[in-house]
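A.B. asks: Below is start37.cif; it holds mmCIF, C-alpha atoms.
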data_protein
loop_
_atom_site.group_PDB
_atom_site.id
_atom_site.type_symbol
_atom_site.label_atom_id
_atom_site.label_comp_id
_atom_site.auth_asym_id
_atom_site.auth_seq_id
_atom_site.Cartn_x
_atom_site.Cartn_y
_atom_site.Cartn_z
ATOM 1 C CA MET A 1 26.649 -13.525 -34.889
ATOM 2 C CA ALA A 2 23.615 -15.774 -34.917
ATOM 3 C CA ILE A 3 20.484 -14.364 -33.337
ATOM 4 C CA PRO A 4 19.158 -16.691 -30.613
ATOM 5 C CA THR A 5 15.925 -18.475 -31.430
ATOM 6 C CA PRO A 6 13.165 -16.582 -29.578
ATOM 7 C CA GLY A 7 11.152 -18.393 -26.962
ATOM 8 C CA PRO A 8 7.479 -17.737 -26.237
ATOM 9 C CA PRO A 9 6.523 -14.259 -24.966
ATOM 10 C CA PRO A 10 6.736 -13.931 -21.167
ATOM 11 C CA PRO A 11 3.291 -14.671 -19.645
ATOM 12 C CA VAL A 12 3.164 -11.263 -17.954
ATOM 13 C CA LEU A 13 2.826 -9.616 -21.382
ATOM 14 C CA ALA A 14 -0.321 -11.583 -22.166
ATOM 15 C CA LEU A 15 -1.583 -11.020 -18.639
ATOM 16 C CA GLY A 16 -1.462 -7.246 -18.975
ATOM 17 C CA ALA A 17 -2.508 -7.159 -22.628
ATOM 18 C CA ASP A 18 -6.190 -7.640 -21.805
ATOM 19 C CA PRO A 19 -7.776 -4.165 -21.295
ATOM 20 C CA VAL A 20 -9.862 -5.233 -18.305
ATOM 21 C CA ARG A 21 -6.947 -6.887 -16.519
ATOM 22 C CA TRP A 22 -4.753 -3.884 -17.228
ATOM 23 C CA ALA A 23 -7.430 -1.544 -15.851
ATOM 24 C CA LEU A 24 -7.708 -3.712 -12.726
ATOM 25 C CA MET A 25 -3.950 -3.684 -12.227
ATOM 26 C CA ARG A 26 -3.846 0.089 -12.671
ATOM 27 C CA GLU A 27 -6.686 0.590 -10.190
ATOM 28 C CA LEU A 28 -5.126 -1.751 -7.617
ATOM 29 C CA SER A 29 -1.736 -0.114 -8.036
ATOM 30 C CA GLN A 30 -3.286 2.948 -6.392
ATOM 31 C CA SER A 31 -5.282 1.384 -3.568
ATOM 32 C CA ASP A 32 -6.626 -1.884 -2.177
ATOM 33 C CA ARG A 33 -10.197 -2.360 -3.411
ATOM 34 C CA GLN A 34 -13.224 -4.564 -2.875
ATOM 35 C CA VAL A 35 -15.037 -6.039 -5.877
ATOM 36 C CA ASP A 36 -17.888 -3.526 -5.794
ATOM 37 C CA GLU A 37 -15.370 -0.666 -5.810
ATOM 38 C CA LEU A 38 -13.626 -2.179 -8.826
ATOM 39 C CA VAL A 39 -16.945 -2.660 -10.605
ATOM 40 C CA ASP A 40 -17.775 1.022 -10.032
ATOM 41 C CA ALA A 41 -14.308 2.163 -11.141
ATOM 42 C CA LEU A 42 -14.211 0.096 -14.333
ATOM 43 C CA LYS A 43 -17.933 0.346 -15.176
ATOM 44 C CA LYS A 44 -17.872 -3.374 -16.038
ATOM 45 C CA PRO A 45 -20.183 -6.239 -14.976
ATOM 46 C CA GLN A 46 -19.250 -7.924 -11.708
ATOM 47 C CA ASN A 47 -18.922 -11.363 -13.297
ATOM 48 C CA LEU A 48 -16.389 -10.003 -15.811
ATOM 49 C CA VAL A 49 -14.399 -8.225 -13.091
ATOM 50 C CA SER A 50 -14.414 -11.355 -10.914
ATOM 51 C CA TYR A 51 -13.275 -13.506 -13.843
ATOM 52 C CA HIS A 52 -10.238 -11.330 -14.527
ATOM 53 C CA LEU A 53 -9.449 -11.011 -10.828
ATOM 54 C CA GLY A 54 -9.277 -14.805 -10.804
ATOM 55 C CA LYS A 55 -6.781 -14.732 -13.672
ATOM 56 C CA LEU A 56 -4.617 -12.205 -11.828
ATOM 57 C CA ARG A 57 -4.779 -14.257 -8.640
ATOM 58 C CA ALA A 58 -3.730 -17.395 -10.520
ATOM 59 C CA ALA A 59 -0.701 -15.501 -11.801
ATOM 60 C CA GLN A 60 0.072 -14.442 -8.217
ATOM 61 C CA VAL A 61 -0.028 -10.801 -9.255
ATOM 62 C CA ILE A 62 -2.748 -9.913 -6.781
ATOM 63 C CA SER A 63 -3.560 -11.230 -3.323
ATOM 64 C CA VAL A 64 -6.747 -11.154 -1.277
ATOM 65 C CA ARG A 65 -7.297 -10.270 2.350
ATOM 66 C CA ARG A 66 -10.593 -10.643 4.188
ATOM 67 C CA SER A 67 -11.882 -7.418 5.701
ATOM 68 C CA SER A 68 -11.185 -7.223 9.421
ATOM 69 C CA HIS A 69 -14.359 -5.156 9.824
ATOM 70 C CA ASP A 70 -16.788 -7.343 7.880
ATOM 71 C CA ALA A 71 -15.488 -10.822 7.076
ATOM 72 C CA ARG A 72 -17.878 -11.058 4.133
ATOM 73 C CA GLY A 73 -15.808 -8.467 2.293
ATOM 74 C CA LEU A 74 -12.535 -9.109 0.457
ATOM 75 C CA TYR A 75 -9.826 -6.590 -0.326
ATOM 76 C CA TYR A 76 -7.722 -7.154 -3.439
ATOM 77 C CA ARG A 77 -4.138 -5.931 -3.426
ATOM 78 C CA LEU A 78 -1.656 -5.668 -6.279
ATOM 79 C CA ASP A 79 1.724 -7.184 -5.437
ATOM 80 C CA LEU A 80 3.976 -4.429 -6.778
ATOM 81 C CA PRO A 81 7.282 -6.207 -6.042
ATOM 82 C CA ARG A 82 5.957 -9.265 -7.904
ATOM 83 C CA CYS A 83 4.943 -7.064 -10.852
ATOM 84 C CA GLN A 84 8.372 -5.481 -10.882
ATOM 85 C CA GLU A 85 10.011 -8.911 -10.867
ATOM 86 C CA LEU A 86 7.864 -10.161 -13.758
ATOM 87 C CA LEU A 87 8.331 -7.025 -15.843
ATOM 88 C CA SER A 88 12.061 -7.062 -15.227
ATOM 89 C CA GLY A 89 12.194 -10.642 -16.479
ATOM 90 C CA ALA A 90 10.157 -9.695 -19.554
ATOM 91 C CA VAL A 91 12.367 -6.812 -20.639
ATOM 92 C CA HIS A 92 15.486 -8.876 -19.968
ATOM 93 C CA ALA A 93 14.057 -11.617 -22.186
ATOM 94 C CA LEU A 94 13.714 -9.041 -24.963
ATOM 95 C CA HIS A 95 17.319 -7.877 -24.609
ATOM 96 C CA GLN A 96 19.863 -8.646 -21.909
ATOM 97 C CA SER A 97 20.903 -5.008 -21.634
ATOM 98 C CA LEU A 98 17.410 -3.903 -20.623
ATOM 99 C CA GLU A 99 16.242 -3.844 -17.037
ATOM 100 C CA VAL A 100 13.574 -2.382 -14.808
ATOM 101 C CA THR A 101 15.130 0.041 -12.351
ATOM 102 C CA ALA A 102 14.882 -1.204 -8.778
ATOM 103 C CA MET A 103 12.729 0.767 -6.379
ATOM 104 C CA THR A 104 14.411 2.633 -3.573
ATOM 105 C CA SER A 105 13.081 4.619 -0.656
ATOM 106 C CA VAL A 106 16.304 6.598 -0.328
ATOM 107 C CA ARG A 107 15.726 10.270 -1.140
ATOM 108 C CA GLU A 108 17.951 11.387 -4.016
ATOM 109 C CA PRO A 109 19.396 14.914 -4.114
ATOM 110 C CA GLY A 110 17.009 17.304 -5.802
ATOM 111 C CA SER A 111 13.992 15.020 -5.358
ATOM 112 C CA ALA A 112 12.412 17.087 -2.631
ATOM 113 C CA VAL A 113 8.659 16.912 -2.245
ATOM 114 C CA ARG A 114 8.126 20.193 -0.412
ATOM 115 C CA GLY A 115 4.499 20.937 0.267
ATOM 116 C CA THR A 116 3.422 17.311 0.017
ATOM 117 C CA SER A 117 1.373 16.197 3.023
ATOM 118 C CA VAL A 118 0.219 12.721 4.033
ATOM 119 C CA LEU A 119 -2.114 11.574 6.812
ATOM 120 C CA PHE A 120 -2.224 7.920 7.899
ATOM 121 C CA LEU A 121 -5.391 6.743 9.648
ATOM 122 C CA CYS A 122 -6.340 3.701 11.718
ATOM 123 C CA THR A 123 -8.892 3.182 14.481
ATOM 124 C CA ALA A 124 -6.775 3.522 17.620
ATOM 125 C CA ASN A 125 -3.789 5.315 16.053
ATOM 126 C CA SER A 126 -1.653 3.001 18.161
ATOM 127 C CA ALA A 127 0.333 0.812 15.752
ATOM 128 C CA ARG A 128 -0.191 0.654 11.976
ATOM 129 C CA SER A 129 -0.681 4.364 11.316
ATOM 130 C CA GLN A 130 2.061 5.266 13.802
ATOM 131 C CA MET A 131 4.559 2.907 12.142
ATOM 132 C CA ALA A 132 3.591 4.177 8.684
ATOM 133 C CA GLU A 133 4.111 7.750 9.852
ATOM 134 C CA GLY A 134 7.571 6.904 11.190
ATOM 135 C CA LEU A 135 8.553 4.996 8.055
ATOM 136 C CA LEU A 136 7.552 7.770 5.668
ATOM 137 C CA ARG A 137 9.159 10.498 7.767
ATOM 138 C CA ALA A 138 12.427 8.533 7.869
ATOM 139 C CA ALA A 139 12.391 7.824 4.107
ATOM 140 C CA ALA A 140 11.267 11.238 2.842
ATOM 141 C CA ALA A 141 12.076 14.002 5.292
ATOM 142 C CA ASP A 142 10.509 16.694 3.096
ATOM 143 C CA VAL A 143 7.055 15.135 3.336
ATOM 144 C CA SER A 144 4.742 16.560 5.969
ATOM 145 C CA VAL A 145 3.349 13.430 7.607
ATOM 146 C CA ALA A 146 0.930 12.806 10.472
ATOM 147 C CA SER A 147 -1.310 10.029 11.776
ATOM 148 C CA ALA A 148 -4.595 9.868 13.648
ATOM 149 C CA GLY A 149 -7.567 7.651 14.503
ATOM 150 C CA ASN A 150 -11.279 7.842 15.149
ATOM 151 C CA LYS A 151 -10.841 6.129 18.555
ATOM 152 C CA PRO A 152 -7.284 7.112 19.571
ATOM 153 C CA SER A 153 -5.602 5.403 22.499
ATOM 154 C CA SER A 154 -1.810 5.420 22.880
ATOM 155 C CA VAL A 155 1.195 4.253 20.883
ATOM 156 C CA HIS A 156 1.631 0.523 21.495
ATOM 157 C CA PRO A 157 4.981 -0.396 23.123
ATOM 158 C CA ASN A 158 5.545 -3.172 20.589
ATOM 159 C CA ALA A 159 5.042 -0.726 17.729
ATOM 160 C CA ILE A 160 7.841 1.334 19.233
ATOM 161 C CA ARG A 161 10.022 -1.767 19.675
ATOM 162 C CA ALA A 162 9.394 -3.030 16.133
ATOM 163 C CA MET A 163 10.330 0.318 14.658
ATOM 164 C CA LYS A 164 13.379 0.641 16.880
ATOM 165 C CA LYS A 165 14.639 -2.641 15.403
ATOM 166 C CA ARG A 166 14.440 -0.889 12.026
ATOM 167 C CA GLY A 167 16.434 2.039 13.374
ATOM 168 C CA ILE A 168 13.432 4.387 13.598
ATOM 169 C CA ASP A 169 12.357 6.032 16.850
ATOM 170 C CA ILE A 170 8.608 6.699 17.138
ATOM 171 C CA SER A 171 8.575 6.928 20.938
ATOM 172 C CA GLY A 172 7.873 10.657 20.737
ATOM 173 C CA GLN A 173 4.747 10.213 18.596
ATOM 174 C CA THR A 174 1.325 10.444 20.215
ATOM 175 C CA SER A 175 -2.164 9.177 19.376
ATOM 176 C CA LYS A 176 -4.483 11.851 18.023
ATOM 177 C CA HIS A 177 -8.142 12.075 16.982
ATOM 178 C CA LEU A 178 -8.794 12.595 13.278
ATOM 179 C CA ASP A 179 -11.240 15.400 14.113
ATOM 180 C CA GLY A 180 -8.191 17.504 14.911
ATOM 181 C CA PHE A 181 -7.295 17.373 11.223
ATOM 182 C CA ARG A 182 -10.727 18.179 9.755
ATOM 183 C CA GLU A 183 -9.648 21.696 8.790
ATOM 184 C CA THR A 184 -6.342 20.549 7.296
ATOM 185 C CA ALA A 185 -6.223 19.789 3.579
ATOM 186 C CA PHE A 186 -3.882 16.864 2.888
ATOM 187 C CA ASP A 187 -2.520 15.871 -0.477
ATOM 188 C CA THR A 188 -2.915 12.183 0.407
ATOM 189 C CA VAL A 189 -4.835 10.338 3.116
ATOM 190 C CA VAL A 190 -4.017 6.647 3.603
ATOM 191 C CA THR A 191 -6.355 4.464 5.656
ATOM 192 C CA VAL A 192 -4.501 1.402 6.934
ATOM 193 C CA CYS A 193 -7.446 -0.073 8.830
ATOM 194 C CA ASP A 194 -10.547 -1.773 7.403
ATOM 195 C CA HIS A 195 -12.590 -0.815 10.470
ATOM 196 C CA LEU A 196 -11.939 2.894 10.019
ATOM 197 C CA LYS A 197 -12.458 2.829 6.260
ATOM 198 C CA GLU A 198 -15.806 1.063 6.534
ATOM 199 C CA GLU A 199 -17.032 2.720 9.748
ATOM 200 C CA CYS A 200 -15.778 6.232 9.083
ATOM 201 C CA PRO A 201 -15.790 7.007 5.355
ATOM 202 C CA ASP A 202 -15.786 10.757 6.059
ATOM 203 C CA VAL A 203 -12.018 11.205 6.347
ATOM 204 C CA PRO A 204 -10.268 14.598 6.478
ATOM 205 C CA ARG A 205 -10.010 16.474 3.196
ATOM 206 C CA ALA A 206 -7.483 15.122 0.717
ATOM 207 C CA GLY A 207 -6.676 15.292 -2.947
ATOM 208 C CA HIS A 208 -6.080 11.554 -3.024
ATOM 209 C CA VAL A 209 -7.482 8.872 -0.678
ATOM 210 C CA VAL A 210 -5.789 5.459 -0.570
ATOM 211 C CA HIS A 211 -6.623 2.295 1.367
ATOM 212 C CA TRP A 212 -4.118 -0.315 2.536
ATOM 213 C CA SER A 213 -5.801 -3.354 4.093
ATOM 214 C CA ILE A 214 -3.280 -4.095 6.841
ATOM 215 C CA PRO A 215 -3.949 -6.640 9.634
ATOM 216 C CA ASP A 216 -4.081 -5.234 13.150
ATOM 217 C CA PRO A 217 -1.046 -6.573 15.057
ATOM 218 C CA VAL A 218 -2.717 -5.683 18.357
ATOM 219 C CA SER A 219 -5.779 -7.900 17.978
ATOM 220 C CA GLU A 220 -5.693 -10.186 14.919
ATOM 221 C CA GLY A 221 -4.295 -13.662 14.552
ATOM 222 C CA GLU A 222 -2.584 -16.135 16.852
ATOM 223 C CA ASN A 223 0.375 -13.786 17.300
ATOM 224 C CA ALA A 224 -1.809 -10.781 18.140
ATOM 225 C CA GLY A 225 -0.012 -8.386 20.439
ATOM 226 C CA LYS A 226 3.315 -10.193 20.073
ATOM 227 C CA LEU A 227 6.356 -8.341 18.805
ATOM 228 C CA SER A 228 6.606 -10.655 15.784
ATOM 229 C CA ALA A 229 3.155 -9.537 14.600
ATOM 230 C CA PHE A 230 4.250 -5.897 14.738
ATOM 231 C CA GLU A 231 7.449 -6.717 12.877
ATOM 232 C CA ARG A 232 5.499 -8.377 10.061
ATOM 233 C CA VAL A 233 3.204 -5.365 9.779
ATOM 234 C CA ALA A 234 6.231 -3.057 9.786
ATOM 235 C CA ASP A 235 7.727 -5.100 6.926
ATOM 236 C CA GLU A 236 4.555 -4.771 4.844
ATOM 237 C CA LEU A 237 4.206 -1.077 5.594
ATOM 238 C CA ALA A 238 7.836 -0.490 4.629
ATOM 239 C CA VAL A 239 7.189 -1.956 1.164
ATOM 240 C CA ARG A 240 3.994 0.055 0.770
ATOM 241 C CA VAL A 241 5.726 3.283 1.784
ATOM 242 C CA GLN A 242 8.610 2.499 -0.574
ATOM 243 C CA TYR A 243 6.212 2.431 -3.527
ATOM 244 C CA LEU A 244 4.203 5.425 -2.288
ATOM 245 C CA ILE A 245 7.135 7.845 -2.317
ATOM 246 C CA PRO A 246 7.573 8.010 -6.133
ATOM 247 C CA VAL A 247 3.824 8.707 -6.404
ATOM 248 C CA LEU A 248 4.204 11.620 -3.992
ATOM 249 C CA ARG A 249 7.093 12.898 -6.096
ATOM 250 C CA GLY A 250 5.062 12.639 -9.251
ATOM 251 C CA ALA A 251 7.507 10.145 -10.755
#
For the structure just supplied, provide its representation as structure tokens.
C.D. replies:
Amino acid sequence: MAIPTPGPPPPVLALGADPVRWALMRELSQSDRQVDELVDALKKPQNLVSYHLGKLRAAQVISVRRSSHDARGLYYRLDLPRCQELLSGAVHALHQSLEVTAMTSVREPGSAVRGTSVLFLCTANSARSQMAEGLLRAAAADVSVASAGNKPSSVHPNAIRAMKKRGIDISGQTSKHLDGFRETAFDTVVTVCDHLKEECPDVPRAGHVVHWSIPDPVSEGENAGKLSAFERVADELAVRVQYLIPVLRGA
């Protein structure tokens, strides 16, 4: 049987072959970062980091969101589903029998994560952190999960409605102050609010601190406070939680 004439290597292979770009992708796979944080993490000049961020943006591998706390700041985020799509295409181009296993948030038998604890934080603990708490609890029942804020209010009715449409009931959750968790050591703390991250860097103790720059459905944008805004945030959080679970399991 004749071997097909090979085409050019998939662009994603060249994209990740550069050590700086690969380091950026690895860093952003763990947490959303601003440029100065990436410069500190990589110990590289800012102009070099910015250049490679531009390359990754052009390839639509990373996206940028302006900080809701200080509009001068930008948070870079790695698009993990996009990376999975590109890598899947690359391995399939090498051989049709190869594939990248699809992510799933369904807990498999024997994949318990007993002892793993996660705390989600946002300013008011009314929407984003509450939805993230409900999503993770529903997807991984063996994870100990909580949420809190530095200026807690109450769970927003539209957060409850948006989650109910996903088949998850968070109506019994309550808003709590993060000070109530100061003496609790968490394995992972996830800030889902730029305001809290930049105003309150002293979060409760954790082995791993992650930031997700998520827009506030209560106050940001033309659809602020509307159910559709909460549904969009729930969709983004669901993807984020989906990719967080294998990290918690040490996969």
A.B. asks: For the file shown, what are the residues hit by the PyMOL selection byres ((chain A and resi 36) around 10), laid out as a VMD selection string?
C.D. replies: chain A and resid 33 to 35 37 to 42 45 to 46 49 to 50 73 to 74
A.B. asks: Determine the nearest neighbour of A:His52 from the options A:Val20, A:Leu80, A:Thr174, A:Tyr75, counting only C-alpha atoms.
C.D. replies: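 Smallest separation from A:His52 among the options: A:Val20.
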A.B. asks: Choose the residue, out of A:Gln60, A:Thr116, A:Ser67, A:Ser129, that has the smallest atom-to-atom separation from A:Leu178; count only C-alpha atoms.
C.D. replies: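 Closest candidate: A:Ser129.
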A.B. asks: Grab all the atoms of stretch 210-215 of chain A that the file lists, wrap them in a box along x, y and z, add 6 Å per side, and give me centre plus edge lengths in Å (one decimal) as lines of an AutoDock Vina configuration file.
C.D. replies:
center_x = -5.0
center_y = -0.6
center_z = 4.5
size_x = 15.3
size_y = 24.1
size_z = 22.2
A.B. asks: Which is closest to A:Ala234 among A:Ala138, A:Val247, A:Cys193, A:Ile214, if we use only C-alpha atoms?
C.D. replies: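 Residue with the minimum atom-to-atom distance to A:Ala234: A:Ile214.
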A.B. asks: Calculated over all atoms listed in the file, which of the candidates A:Met131, A:Leu28, A:Cys83, A:Ala90 has the smallest distance to A:Pro9?
C.D. replies: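 The answer is A:Ala90, which sits nearest to A:Pro9.
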A.B. asks: For A:Leu13, list every protein, DNA or RNA residue within 10 Å, evaluated using all atoms listed in the file, and leave out those in the same chain fewer than 4 positions away; present the list as a PyMOL selection string.
C.D. replies: chain A and resi 9+17-18+86-87+90-91
A.B. asks: My list of candidates is A:Leu248, A:His69, A:His211, A:Ser88. Which is closest to A:Leu136 when distances are computed with all atoms listed in the file?
C.D. replies: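 For A:Leu136, the nearest of the candidates is A:Leu248.
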A.B. asks: Where does the PyMOL selection byres ((chain A and resi 217) around 12) land in this file, that is, which residues does it pick, as a ChimeraX atom specification?
C.D. replies: /A:68,124,126-129,131,156-159,162,192-193,214-216,218-234,236
A.B. asks: Of the residues A:Cys122, A:Val143, A:Ala23, A:Ile62, which is the one nearest to A:Lys176, using all atoms listed in the file?
C.D. replies: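 So, comparing all the options, the nearest one is A:Cys122.
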A.B. asks: For the provided coordinates, the residues matched by the PyMOL selection byres ((chain A and resi 31) around 8) should be stated as a list in words.
C.D. replies: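 On this input, the PyMOL selection byres ((chain A and resi 31) around 8) captures Glu27, Leu28, Ser29, Gln30, Asp32, Arg33, Arg77, Val210, His211 and Trp212 of chain A.
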A.B. asks: What is the atom CA of A:Gln173 to atom CA of A:Thr123 distance in Å?
C.D. replies: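 Straight-line distance from atom CA of A:Gln173 to atom CA of A:Thr123 works out to 15.9 Å.
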A.B. asks: Could you name the residues that touch A:Leu196 at 8 Å or less, counting only C-alpha atoms, but leaving out those on the same chain fewer than 2 positions away, as a ChimeraX atom specification?
C.D. replies: /A:121-123,149-150,191,193-194,198-201
A.B. asks: Using atom CA of A:Tyr76 and atom CA of A:Arg26 as the two end points, give the distance in Å to one decimal.
C.D. replies: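 These two atoms are separated by 12.4 Å.
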A.B. asks: Just to confirm, what's the straight-line distance from atom CA of A:Val155 to atom CA of A:Gly172 in Å (one decimal)?
C.D. replies: 9.3 Å
A.B. asks: Skipping near chain neighbours, those fewer than 2 positions away, what residues fall within 12 Å of A:Arg137 using all atoms listed in the file, listed as a PyMOL selection string?
C.D. replies: chain A and resi 105-107+113+116-120+130-135+139-147+168-170+173+238+241-242+245
